[in-house]
>>> print(open('protein14.cif').read())   # mmCIF, C-alpha atoms and all ligand atoms
data_entry
loop_
_atom_site.label_atom_id
_atom_site.label_comp_id
_atom_site.auth_asym_id
_atom_site.auth_seq_id
_atom_site.Cartn_x
_atom_site.Cartn_y
_atom_site.Cartn_z
CA MET A 1 -30.50 -20.11 -12.04
CA VAL A 2 -27.47 -18.11 -10.94
CA SER A 3 -25.57 -19.04 -7.77
CA THR A 4 -25.46 -16.77 -4.71
CA GLY A 5 -21.67 -16.63 -5.17
CA THR A 6 -22.19 -15.06 -8.60
CA SER A 7 -24.61 -12.48 -7.21
CA GLU A 8 -22.11 -11.70 -4.43
CA ARG A 9 -19.51 -10.94 -7.10
CA LEU A 10 -21.89 -8.77 -9.14
CA ILE A 11 -23.00 -6.76 -6.11
CA GLY A 12 -19.40 -6.64 -4.86
CA ALA A 13 -18.33 -5.08 -8.18
CA LEU A 14 -21.07 -2.41 -7.87
CA ASN A 15 -20.13 -1.70 -4.24
CA GLY A 16 -16.43 -1.54 -5.15
CA THR A 17 -17.06 1.27 -7.64
CA PHE A 18 -19.93 3.15 -5.97
CA GLY A 19 -19.44 2.31 -2.28
CA THR A 20 -21.96 0.70 0.10
CA HIS A 21 -24.82 2.95 1.19
CA LYS A 22 -27.06 1.76 4.01
CA GLY A 23 -30.65 1.12 2.98
CA CYS A 24 -29.93 1.82 -0.72
CA ARG A 25 -30.05 -0.30 -3.85
CA ALA A 26 -26.60 -1.51 -5.00
CA SER A 27 -27.44 0.06 -8.38
CA HIS A 28 -29.91 2.82 -9.28
CA ALA A 29 -29.55 3.94 -5.66
CA LYS A 30 -31.13 7.35 -6.27
CA GLY A 31 -34.74 7.25 -7.34
CA LEU A 32 -38.35 8.14 -6.84
CA SER A 33 -41.38 5.82 -6.62
CA VAL A 34 -44.60 6.63 -8.45
CA SER A 35 -47.85 4.96 -9.45
CA GLY A 36 -50.36 5.01 -12.26
CA THR A 37 -52.24 2.91 -14.79
CA PHE A 38 -51.59 0.75 -17.86
CA VAL A 39 -54.18 1.07 -20.60
CA PRO A 40 -53.91 -1.85 -23.08
CA GLY A 41 -54.26 -0.84 -26.71
CA GLY A 42 -52.74 -0.75 -30.18
CA ASP A 43 -51.68 -4.19 -31.42
CA VAL A 44 -52.18 -5.99 -28.12
CA ASP A 45 -55.24 -7.90 -29.34
CA ARG A 46 -53.01 -9.57 -31.97
CA MET A 47 -50.67 -10.75 -29.20
CA ASP A 48 -51.31 -13.84 -27.08
CA ILE A 49 -50.67 -12.15 -23.73
CA PRO A 50 -53.92 -12.83 -21.82
CA MET A 51 -53.05 -10.52 -18.91
CA LEU A 52 -53.11 -7.54 -21.27
CA HIS A 53 -56.49 -8.31 -22.84
CA GLY A 54 -58.93 -6.32 -20.83
CA ASP A 55 -59.41 -3.29 -18.66
CA PRO A 56 -56.80 -0.79 -17.52
CA MET A 57 -54.71 -2.08 -14.62
CA PRO A 58 -52.55 -0.52 -11.88
CA VAL A 59 -48.87 0.27 -12.32
CA SER A 60 -46.20 0.77 -9.63
CA ALA A 61 -43.01 2.32 -10.92
CA ARG A 62 -39.72 3.88 -9.88
CA PHE A 63 -37.58 6.37 -11.78
CA SER A 64 -33.86 6.34 -11.02
CA ILE A 65 -30.37 7.34 -11.98
CA GLY A 66 -27.89 4.61 -12.91
CA GLY A 67 -25.11 3.62 -10.52
CA GLY A 68 -24.94 2.99 -6.81
CA ASN A 69 -24.38 6.56 -5.57
CA PRO A 70 -27.52 7.94 -3.87
CA GLY A 71 -26.09 11.48 -3.99
CA VAL A 72 -25.40 11.53 -7.75
CA SER A 73 -26.32 14.69 -9.69
CA ASP A 74 -29.56 14.69 -11.70
CA LYS A 75 -27.47 16.18 -14.51
CA SER A 76 -24.95 13.34 -14.62
CA ARG A 77 -24.18 11.82 -18.00
CA SER A 78 -25.31 8.35 -17.00
CA VAL A 79 -28.44 6.32 -17.64
CA ARG A 80 -31.87 7.04 -16.21
CA GLY A 81 -33.90 4.00 -15.16
CA MET A 82 -37.54 3.05 -14.92
CA GLY A 83 -38.69 0.01 -13.02
CA LEU A 84 -42.36 -0.87 -13.39
CA THR A 85 -44.78 -3.55 -12.39
CA ILE A 86 -48.01 -3.83 -14.30
CA GLY A 87 -50.51 -5.62 -12.10
CA GLY A 88 -53.15 -7.83 -13.61
CA LYS A 89 -55.87 -9.61 -11.62
CA ASP A 90 -53.93 -12.88 -11.51
CA GLU A 91 -50.54 -12.02 -12.97
CA ASN A 92 -47.87 -9.32 -12.76
CA TRP A 93 -45.34 -8.11 -15.29
CA SER A 94 -42.17 -6.32 -14.17
CA LEU A 95 -39.72 -4.44 -16.34
CA ALA A 96 -36.57 -2.53 -15.38
CA LEU A 97 -35.49 -0.37 -18.31
CA ILE A 98 -32.74 2.18 -18.98
CA SER A 99 -32.45 5.26 -21.17
CA ALA A 100 -29.65 3.81 -23.32
CA PRO A 101 -30.72 1.48 -26.15
CA VAL A 102 -27.89 -0.94 -25.33
CA PHE A 103 -26.25 -2.14 -22.09
CA PHE A 104 -22.58 -2.01 -21.06
CA ALA A 105 -21.86 -5.75 -20.70
CA SER A 106 -22.74 -8.93 -22.56
CA SER A 107 -21.54 -11.36 -19.88
CA LEU A 108 -21.25 -11.41 -16.11
CA GLU A 109 -17.44 -11.43 -16.34
CA GLN A 110 -17.60 -8.30 -18.48
CA PHE A 111 -20.03 -6.61 -16.04
CA VAL A 112 -17.52 -7.15 -13.20
CA ALA A 113 -14.49 -6.14 -15.31
CA PHE A 114 -16.26 -2.98 -16.59
CA LEU A 115 -16.93 -1.83 -13.02
CA GLU A 116 -13.50 -2.84 -11.74
CA ALA A 117 -11.85 -0.78 -14.49
CA ARG A 118 -13.83 2.24 -13.22
CA ARG A 119 -13.07 1.90 -9.51
CA PRO A 120 -12.14 5.33 -8.18
CA VAL A 121 -8.43 5.73 -7.46
CA PRO A 122 -8.09 7.89 -4.30
CA GLU A 123 -5.06 9.82 -5.63
CA LEU A 124 -6.95 10.67 -8.83
CA GLY A 125 -10.32 11.41 -7.23
CA GLY A 126 -11.99 9.19 -9.85
CA PRO A 127 -11.34 6.31 -12.24
CA ASP A 128 -7.95 5.96 -13.90
CA PRO A 129 -8.51 7.04 -17.55
CA GLU A 130 -5.67 4.79 -18.76
CA ARG A 131 -7.29 1.75 -17.16
CA VAL A 132 -10.66 2.66 -18.71
CA ALA A 133 -9.05 3.10 -22.15
CA ALA A 134 -7.25 -0.24 -21.82
CA PHE A 135 -10.57 -1.95 -20.90
CA ASN A 136 -12.36 -0.34 -23.84
CA ALA A 137 -9.64 -1.39 -26.27
CA VAL A 138 -10.19 -5.07 -25.51
CA ASN A 139 -13.98 -4.80 -24.96
CA PRO A 140 -15.19 -2.87 -28.03
CA ASN A 141 -18.75 -4.24 -27.67
CA THR A 142 -19.16 -2.06 -24.53
CA VAL A 143 -18.37 1.16 -26.42
CA PRO A 144 -21.82 1.85 -28.03
CA HIS A 145 -23.37 2.15 -24.55
CA GLN A 146 -20.58 4.43 -23.34
CA ALA A 147 -20.78 6.57 -26.50
CA TYR A 148 -24.56 6.97 -26.11
CA VAL A 149 -24.23 8.08 -22.49
CA LYS A 150 -21.35 10.47 -23.20
CA GLU A 151 -23.00 12.10 -26.21
CA THR A 152 -26.58 12.37 -24.92
CA SER A 153 -27.65 15.47 -22.97
CA PRO A 154 -29.43 14.60 -19.71
CA THR A 155 -33.21 14.40 -19.84
CA ARG A 156 -35.14 17.45 -18.60
CA SER A 157 -37.65 15.22 -16.82
CA TYR A 158 -38.05 11.60 -15.79
CA GLY A 159 -41.28 12.00 -17.78
CA THR A 160 -39.56 12.94 -21.05
CA GLU A 161 -37.09 10.06 -21.25
CA VAL A 162 -37.16 7.00 -23.53
CA TYR A 163 -36.61 3.73 -21.66
CA HIS A 164 -35.31 0.50 -23.27
CA SER A 165 -35.18 -3.16 -22.19
CA CYS A 166 -31.84 -3.73 -24.03
CA HIS A 167 -32.53 -7.48 -23.62
CA ALA A 168 -34.56 -9.46 -26.12
CA PHE A 169 -37.78 -11.17 -25.04
CA PHE A 170 -40.16 -13.45 -26.95
CA ALA A 171 -43.79 -12.45 -27.31
CA THR A 172 -46.38 -14.88 -28.61
CA ILE A 173 -48.08 -13.41 -31.66
CA ALA A 174 -50.61 -15.48 -33.60
CA GLY A 175 -49.27 -18.63 -31.95
CA ALA A 176 -45.58 -17.96 -32.81
CA ALA A 177 -42.82 -16.65 -30.53
CA ARG A 178 -41.42 -13.41 -31.98
CA ALA A 179 -38.26 -11.78 -30.60
CA GLY A 180 -38.10 -8.09 -29.80
CA ARG A 181 -36.88 -5.46 -27.36
CA PHE A 182 -39.30 -3.37 -25.30
CA ARG A 183 -39.25 0.42 -25.40
CA LEU A 184 -41.24 3.11 -23.60
CA GLU A 185 -41.68 6.15 -25.82
CA PRO A 186 -42.70 9.34 -23.96
CA ALA A 187 -45.77 11.23 -25.22
CA THR A 188 -43.62 14.38 -25.39
CA GLY A 189 -40.85 12.71 -27.39
CA ARG A 190 -37.43 12.81 -25.73
CA LEU A 191 -36.66 16.24 -24.24
CA SER A 192 -33.18 17.02 -22.94
CA LEU A 193 -31.46 19.92 -21.21
CA SER A 194 -29.81 22.54 -23.43
CA ALA A 195 -26.08 23.13 -22.89
CA ASP A 196 -26.89 26.30 -20.87
CA GLU A 197 -29.42 24.45 -18.70
CA GLU A 198 -26.99 21.61 -18.16
CA ALA A 199 -24.50 24.15 -16.82
CA SER A 200 -26.95 26.19 -14.72
CA PHE A 201 -29.51 23.70 -13.35
CA PRO A 202 -29.03 22.53 -9.73
CA ASP A 203 -27.87 18.99 -9.05
CA GLN A 204 -31.27 18.03 -7.67
CA PHE A 205 -34.23 18.96 -9.84
CA LEU A 206 -35.85 15.81 -11.23
CA GLY A 207 -38.06 15.11 -8.18
CA ASP A 208 -39.58 18.62 -8.00
CA GLU A 209 -39.86 18.77 -11.78
CA LEU A 210 -41.92 15.57 -11.84
CA ALA A 211 -44.14 16.65 -8.93
CA ASN A 212 -44.87 19.92 -10.80
CA ARG A 213 -45.48 18.16 -14.10
CA LEU A 214 -47.99 15.81 -12.45
CA THR A 215 -50.11 18.75 -11.26
CA ASP A 216 -51.07 19.18 -14.97
CA GLY A 217 -52.22 15.55 -15.23
CA PRO A 218 -50.69 12.12 -15.87
CA VAL A 219 -47.41 11.69 -17.72
CA GLY A 220 -47.62 9.10 -20.51
CA TRP A 221 -45.58 6.61 -22.52
CA THR A 222 -46.43 4.15 -25.27
CA LEU A 223 -45.14 0.63 -24.56
CA MET A 224 -43.66 -0.77 -27.78
CA LEU A 225 -42.05 -4.04 -28.85
CA ASP A 226 -39.42 -3.48 -31.57
CA LEU A 227 -39.17 -6.74 -33.49
CA ALA A 228 -35.74 -8.20 -34.29
CA HIS A 229 -34.23 -8.64 -37.74
CA SER A 230 -33.11 -12.23 -38.37
CA ASP A 231 -29.46 -11.05 -38.10
CA ASP A 232 -29.93 -9.29 -34.74
CA PRO A 233 -28.31 -11.21 -31.85
CA LEU A 234 -30.89 -12.22 -29.23
CA ASP A 235 -28.52 -12.90 -26.35
CA ASP A 236 -26.32 -9.79 -26.41
CA PRO A 237 -27.72 -6.61 -24.79
CA THR A 238 -24.67 -4.57 -25.90
CA ALA A 239 -25.40 -5.04 -29.62
CA PRO A 240 -27.23 -2.25 -31.45
CA TRP A 241 -30.05 -3.79 -33.55
CA GLN A 242 -31.17 -2.99 -37.05
CA GLY A 243 -34.67 -4.37 -36.28
CA ASN A 244 -37.07 -5.64 -38.93
CA GLY A 245 -38.82 -2.27 -39.19
CA GLU A 246 -41.89 -3.45 -37.28
CA SER A 247 -42.82 -2.08 -33.85
CA LEU A 248 -45.92 -3.33 -32.05
CA THR A 249 -47.84 -1.16 -29.58
CA LEU A 250 -49.03 -2.84 -26.38
CA GLY A 251 -50.68 0.14 -24.68
CA THR A 252 -50.09 3.29 -22.69
CA ILE A 253 -48.44 3.80 -19.30
CA LEU A 254 -49.89 6.77 -17.42
CA ILE A 255 -48.04 7.87 -14.29
CA SER A 256 -50.27 10.03 -12.12
CA ARG A 257 -48.79 10.38 -8.61
CA ILE A 258 -45.67 10.24 -6.47
CA ALA A 259 -45.94 7.16 -4.26
CA ASP A 260 -45.51 6.74 -0.51
CA LEU A 261 -42.00 6.16 0.78
CA ALA A 262 -42.97 2.53 1.59
CA GLU A 263 -43.07 1.85 -2.17
CA GLU A 264 -39.29 2.43 -2.29
CA ARG A 265 -38.90 -1.11 -0.94
CA ARG A 266 -40.28 -2.76 -4.09
CA VAL A 267 -38.09 -4.91 -6.35
CA TYR A 268 -38.49 -4.66 -10.13
CA ASP A 269 -37.36 -8.10 -11.30
CA PRO A 270 -37.29 -8.30 -15.11
CA LEU A 271 -37.95 -12.05 -15.02
CA VAL A 272 -41.44 -11.61 -13.54
CA LEU A 273 -43.25 -12.14 -16.85
CA PRO A 274 -46.87 -12.81 -17.78
CA ASN A 275 -48.01 -15.77 -19.90
CA GLY A 276 -47.19 -14.97 -23.51
CA ILE A 277 -43.84 -13.27 -22.82
CA ALA A 278 -40.68 -15.36 -22.34
CA PRO A 279 -37.06 -14.39 -21.63
CA SER A 280 -34.26 -14.80 -24.20
CA ALA A 281 -31.13 -16.77 -23.31
CA ASP A 282 -29.22 -13.52 -22.63
CA PRO A 283 -26.94 -14.43 -19.67
CA VAL A 284 -27.10 -10.87 -18.32
CA LEU A 285 -30.90 -10.98 -18.18
CA LEU A 286 -30.88 -14.38 -16.52
CA ALA A 287 -28.55 -13.18 -13.73
CA ARG A 288 -30.63 -10.20 -12.70
CA SER A 289 -33.29 -11.82 -10.46
CA GLU A 290 -30.78 -13.27 -8.03
CA ALA A 291 -28.68 -10.10 -7.91
CA TYR A 292 -31.77 -7.96 -7.26
CA SER A 293 -32.87 -10.32 -4.45
CA LEU A 294 -29.48 -10.06 -2.79
CA SER A 295 -29.50 -6.27 -3.08
CA TYR A 296 -33.03 -6.23 -1.64
CA GLU A 297 -31.94 -8.44 1.29
CA ARG A 298 -29.02 -6.12 2.07
CA ARG A 299 -30.91 -2.86 1.74
CA SER A 300 -33.67 -4.24 4.00
CA ILE A 301 -31.33 -4.79 6.95
CA ALA A 302 -32.16 -2.09 9.49
C1 LIG B 401 -25.78 -8.55 -14.67
C2 LIG B 401 -26.35 -7.37 -14.96
C3 LIG B 401 -26.98 -6.50 -13.93
C4 LIG B 401 -26.80 -6.46 -12.58
C5 LIG B 401 -25.87 -7.34 -11.73
C6 LIG B 401 -27.66 -5.44 -12.06
C7 LIG B 401 -27.77 -5.10 -10.73
C8 LIG B 401 -28.74 -4.30 -10.20
C9 LIG B 401 -29.05 -4.19 -8.80
C10 LIG B 401 -28.32 -4.93 -7.69
C11 LIG B 401 -30.08 -3.32 -8.67
C12 LIG B 401 -30.80 -2.92 -7.38
C13 LIG B 401 -31.94 -3.93 -7.14
C14 LIG B 401 -32.73 -3.68 -5.89
O1 LIG B 401 -32.14 -3.46 -4.82
O2 LIG B 401 -33.99 -3.75 -5.97
C15 LIG B 401 -30.43 -2.88 -9.99
C16 LIG B 401 -31.43 -1.99 -10.28
C17 LIG B 401 -31.80 -1.64 -11.56
N1 LIG B 401 -31.28 -2.11 -12.74
FE1 LIG B 401 -29.84 -3.49 -12.92
N2 LIG B 401 -28.36 -4.87 -13.09
C18 LIG B 401 -27.97 -5.49 -14.26
C19 LIG B 401 -28.42 -5.23 -15.52
C20 LIG B 401 -29.37 -4.29 -15.83
C21 LIG B 401 -29.88 -4.03 -17.15
C22 LIG B 401 -29.43 -4.80 -18.40
C23 LIG B 401 -30.81 -3.05 -17.03
C24 LIG B 401 -31.68 -2.41 -18.09
C25 LIG B 401 -31.48 -2.56 -19.37
C26 LIG B 401 -30.88 -2.67 -15.64
C27 LIG B 401 -31.74 -1.71 -15.11
C28 LIG B 401 -31.93 -1.51 -13.77
C29 LIG B 401 -32.93 -0.58 -13.24
C30 LIG B 401 -33.87 0.32 -14.03
C31 LIG B 401 -32.83 -0.68 -11.86
C32 LIG B 401 -33.64 0.10 -10.83
C33 LIG B 401 -34.92 -0.65 -10.51
C34 LIG B 401 -35.63 -0.01 -9.32
O3 LIG B 401 -35.92 1.20 -9.40
O4 LIG B 401 -35.87 -0.71 -8.33
N3 LIG B 401 -30.00 -3.44 -14.94
N4 LIG B 401 -29.61 -3.49 -10.91
#
>>> encode(input="protein14.cif", output="structure tokens")
Amino acid sequence: MVSTGTSERLIGALNGTFGTHKGCRASHAKGLSVSGTFVPGGDVDRMDIPMLHGDPMPVSARFSIGGGNPGVSDKSRSVRGMGLTIGGKDENWSLALISAPVFFASSLEQFVAFLEARRPVPELGGPDPERVAAFNAVNPNTVPHQAYVKETSPTRSYGTEVYHSCHAFFATIAGAARAGRFRLEPATGRLSLSADEEASFPDQFLGDELANRLTDGPVGWTLMLDLAHSDDPLDDPTAPWQGNGESLTLGTILISRIADLAEERRVYDPLVLPNGIAPSADPVLLARSEAYSLSYERRSIA
């Protein structure tokens, strides 16, 4: 359990870099709520996750762009997010995933310091590059995330992005807890903007693009669990993994419609887990529930 004081600091760091925007999430402020279905399949029968043994079940989800600026460009070189809640009859499972395979901080102190180093300096109209370079020099574990974001062309659709948990979770398989990271793999494979499109597309296109795409039918992903190699760290979301070469399929997510505005209020708390899935000891994962609650409280104030 993380103290409210800690959550205040985490949200304060986000607000310090991105500003405070009434009614918006402190992070992933810009987004779009949708709904659909989860169809269990693949290896799920081998896994002891009772909620997933059975019929298709409803999914609520939200696509987003990383950071706390609700006016950010859809072409920005930053992460895309997907929050989703898979609803069983008696249990729910929530995930909040990003398009980078690794996160930018392995501790709460590093989360705050990363954001503080990127606070916009009014005279510069953005972060101070020297301060960012100095942070990176002493925090090399944060660089793989930054490199991925910098080098990866923006997705051409929320529906053609890969989404990763970055954190490790334990899934019960044949009575044993096995560690892995979750990944949503789009049916299309990952599709990004070309350099020309990145230059010429408008700053807002992802919402209309998704609405158009859905007129041709649901947009799908396979939900996978990539199992860890024995050398892969289980409590560090910044560390790229080698994996043990085995990926288990849990089923298919099908998103079929844009949801009502009321759905924007939902919280996607990655510690809402079904029986058979347990969190790792990753301190970043364990801090998220409280921080999301505080953000929810603040964005709910009329
Ligand atoms: C200590 C680390 C983190 C903090 C303090 C943090 C903070 C936040 C906050 C305050 C929100 C808005 C919550 C709301 O108002 O409902 C948010 C949303 C989100 N975060 Fe994080 N986050 C952290 C780590 C992560 C990680 C590791 C991931 C994924 C790998 C992630 C993915 C997301 C996504 C996808 C959303 C949007 C969910 C939605 O659409 O409602 N965050 N985060």
>>> closest_residue(input="protein14.cif", among="A:Met51, A:Leu285, A:Ala239, A:Leu223", to="ligand LIG 401 (chain B)", atoms="all atoms listed in the file")
A:Leu285
>>> atom_distance(input="protein14.cif", atom1="atom CA of A:Gly54", atom2="atom CA of A:Tyr163")
24.5 Å
>>> atom_distance(input="protein14.cif", atom1="atom CA of A:Glu109", atom2="atom C4 of ligand LIG 401 (chain B)")
11.2 Å
>>> residues_near_ligand(input="protein14.cif", ligand="ligand LIG 401 (chain B)", cutoff="6 Å", atoms="only C-alpha atoms and all ligand atoms", output="list of chain:residue names")
A:Leu10, A:Ile11, A:Arg25, A:Ala26, A:Ser27, A:His28, A:Arg62, A:Phe63, A:Ser64, A:Gly81, A:Met82, A:Gly83, A:Ala96, A:Leu97, A:Ile98, A:Phe103, A:Leu108, A:Ser165, A:Cys166, A:Val267, A:Tyr268, A:Val284, A:Ala287, A:Arg288, A:Ala291, A:Tyr292, A:Ser295, A:Tyr296
>>> atom_distance(input="protein14.cif", atom1="atom CA of A:Ser106", atom2="atom CA of A:Pro274")
24.9 Å
>>> closest_residue(input="protein14.cif", among="A:Asp90, A:Glu8, A:Glu151, A:Asp216", to="A:Ser78", atoms="all atoms listed in the file")
A:Glu151
>>> closest_residue(input="protein14.cif", among="A:Gly87, A:Gly180, A:Gly175, A:Pro122", to="A:Val39", atoms="all atoms listed in the file")
A:Gly87
>>> closest_residue(input="protein14.cif", among="A:Gly41, A:Gly71, A:Gly159, A:Gly126", to="A:Leu214", atoms="all atoms listed in the file")
A:Gly159
>>> residues_near_point(input="protein14.cif", point="(-35.1, 14.9, -10.0)", cutoff="8 Å", atoms="all atoms listed in the file", output="PDB file with C-alpha atoms, keeping the file's coordinate frame")
ATOM      1  CA  ASP A  74     -29.560  14.690 -11.700  1.00  0.00           C
ATOM      2  CA  SER A 157     -37.650  15.220 -16.820  1.00  0.00           C
ATOM      3  CA  TYR A 158     -38.050  11.600 -15.790  1.00  0.00           C
ATOM      4  CA  GLN A 204     -31.270  18.030  -7.670  1.00  0.00           C
ATOM      5  CA  PHE A 205     -34.230  18.960  -9.840  1.00  0.00           C
ATOM      6  CA  LEU A 206     -35.850  15.810 -11.230  1.00  0.00           C
ATOM      7  CA  GLY A 207     -38.060  15.110  -8.180  1.00  0.00           C
ATOM      8  CA  ASP A 208     -39.580  18.620  -8.000  1.00  0.00           C
ATOM      9  CA  GLU A 209     -39.860  18.770 -11.780  1.00  0.00           C
ATOM     10  CA  LEU A 210     -41.920  15.570 -11.840  1.00  0.00           C
TER      11      LEU A 210
END
>>> residues_around(input="protein14.cif", residues="stretch 196-199 of chain A", least_positions_apart="6", cutoff="8 Å", atoms="all atoms listed in the file", output="ChimeraX atom specification")
/A:75,153-154
>>> axis_aligned_box(input="protein14.cif", around="stretch 83-93 of chain A", padding_each_side="3 Å", output="AutoDock Vina command-line options")
--center_x -47.3 --center_y -6.4 --center_z -13.4 --size_x 23.2 --size_y 18.9 --size_z 9.8
>>> residues_around(input="protein14.cif", residues="A:Pro140", least_positions_apart="4", cutoff="12 Å", atoms="all atoms listed in the file", output="PyMOL selection string")
chain A and resi 104-106+110+114+132-136+144-147+238-239
>>> closest_residue(input="protein14.cif", among="A:Ala262, A:Val149, A:Ile173, A:Met224", to="A:Ser300", atoms="all atoms listed in the file")
A:Ala262
>>> residues_around(input="protein14.cif", residues="A:Ala171", least_positions_apart="2", cutoff="7 Å", atoms="only C-alpha atoms", output="number ranges by chain")
A: 169, 173, 177-179, 276-278
>>> write_last_selection(input="protein14.cif", atoms="C-alpha atoms", output="PDB file, in the coordinates of the input")
ATOM      1  CA  PHE A 169     -37.780 -11.170 -25.040  1.00  0.00           C
ATOM      2  CA  ILE A 173     -48.080 -13.410 -31.660  1.00  0.00           C
ATOM      3  CA  ALA A 177     -42.820 -16.650 -30.530  1.00  0.00           C
ATOM      4  CA  ARG A 178     -41.420 -13.410 -31.980  1.00  0.00           C
ATOM      5  CA  ALA A 179     -38.260 -11.780 -30.600  1.00  0.00           C
ATOM      6  CA  GLY A 276     -47.190 -14.970 -23.510  1.00  0.00           C
ATOM      7  CA  ILE A 277     -43.840 -13.270 -22.820  1.00  0.00           C
ATOM      8  CA  ALA A 278     -40.680 -15.360 -22.340  1.00  0.00           C
TER       9      ALA A 278
END
>>> closest_residue(input="protein14.cif", among="A:Trp93, A:Arg77, A:Pro127, A:Gly245", to="A:Ile65", atoms="only C-alpha atoms")
A:Arg77
>>> residues_around(input="protein14.cif", residues="A:Glu246", least_positions_apart="4", cutoff="10 Å", atoms="all atoms listed in the file", output="number ranges by chain")
A: 180, 225-229
>>> residues_near_point(input="protein14.cif", point="(-28.1, -17.7, -23.8)", cutoff="10 Å", atoms="only C-alpha atoms", output="ChimeraX atom specification")
/A:107,234-236,279-286
>>> build_atoms(input="protein14.cif", residues="stretch 139-153 of chain A", atoms="N, CA and C atoms", output="PDB file, in the frame of the given file")
ATOM      1  N   ASN A 139     -12.539  -4.502 -25.101  1.00  0.00           N
ATOM      2  CA  ASN A 139     -13.980  -4.800 -24.960  1.00  0.00           C
ATOM      3  C   ASN A 139     -14.795  -3.839 -25.841  1.00  0.00           C
ATOM      4  N   PRO A 140     -14.549  -3.869 -27.154  1.00  0.00           N
ATOM      5  CA  PRO A 140     -15.190  -2.870 -28.030  1.00  0.00           C
ATOM      6  C   PRO A 140     -16.719  -2.955 -28.033  1.00  0.00           C
ATOM      7  N   ASN A 141     -17.276  -4.126 -27.667  1.00  0.00           N
ATOM      8  CA  ASN A 141     -18.750  -4.240 -27.670  1.00  0.00           C
ATOM      9  C   ASN A 141     -19.393  -3.359 -26.591  1.00  0.00           C
ATOM     10  N   THR A 142     -18.595  -2.897 -25.602  1.00  0.00           N
ATOM     11  CA  THR A 142     -19.160  -2.060 -24.530  1.00  0.00           C
ATOM     12  C   THR A 142     -19.179  -0.577 -24.921  1.00  0.00           C
ATOM     13  N   VAL A 143     -18.545  -0.250 -26.048  1.00  0.00           N
ATOM     14  CA  VAL A 143     -18.370   1.160 -26.420  1.00  0.00           C
ATOM     15  C   VAL A 143     -19.683   1.839 -26.882  1.00  0.00           C
ATOM     16  N   PRO A 144     -20.570   1.162 -27.630  1.00  0.00           N
ATOM     17  CA  PRO A 144     -21.820   1.850 -28.030  1.00  0.00           C
ATOM     18  C   PRO A 144     -22.607   2.398 -26.838  1.00  0.00           C
ATOM     19  N   HIS A 145     -22.683   1.652 -25.747  1.00  0.00           N
ATOM     20  CA  HIS A 145     -23.370   2.150 -24.550  1.00  0.00           C
ATOM     21  C   HIS A 145     -22.660   3.399 -24.017  1.00  0.00           C
ATOM     22  N   GLN A 146     -21.345   3.297 -23.893  1.00  0.00           N
ATOM     23  CA  GLN A 146     -20.580   4.430 -23.340  1.00  0.00           C
ATOM     24  C   GLN A 146     -20.717   5.657 -24.233  1.00  0.00           C
ATOM     25  N   ALA A 147     -20.693   5.436 -25.553  1.00  0.00           N
ATOM     26  CA  ALA A 147     -20.780   6.570 -26.500  1.00  0.00           C
ATOM     27  C   ALA A 147     -22.161   7.223 -26.358  1.00  0.00           C
ATOM     28  N   TYR A 148     -23.205   6.409 -26.242  1.00  0.00           N
ATOM     29  CA  TYR A 148     -24.560   6.970 -26.110  1.00  0.00           C
ATOM     30  C   TYR A 148     -24.648   7.866 -24.877  1.00  0.00           C
ATOM     31  N   VAL A 149     -24.139   7.347 -23.757  1.00  0.00           N
ATOM     32  CA  VAL A 149     -24.230   8.080 -22.490  1.00  0.00           C
ATOM     33  C   VAL A 149     -23.435   9.378 -22.560  1.00  0.00           C
ATOM     34  N   LYS A 150     -22.242   9.289 -23.131  1.00  0.00           N
ATOM     35  CA  LYS A 150     -21.350  10.470 -23.200  1.00  0.00           C
ATOM     36  C   LYS A 150     -21.945  11.552 -24.101  1.00  0.00           C
ATOM     37  N   GLU A 151     -22.558  11.123 -25.199  1.00  0.00           N
ATOM     38  CA  GLU A 151     -23.000  12.100 -26.210  1.00  0.00           C
ATOM     39  C   GLU A 151     -24.422  12.600 -25.995  1.00  0.00           C
ATOM     40  N   THR A 152     -25.161  12.024 -25.047  1.00  0.00           N
ATOM     41  CA  THR A 152     -26.580  12.370 -24.920  1.00  0.00           C
ATOM     42  C   THR A 152     -26.799  13.332 -23.755  1.00  0.00           C
ATOM     43  N   SER A 153     -27.383  14.495 -24.047  1.00  0.00           N
ATOM     44  CA  SER A 153     -27.650  15.470 -22.970  1.00  0.00           C
ATOM     45  C   SER A 153     -28.653  14.860 -22.001  1.00  0.00           C
TER      46      SER A 153
END
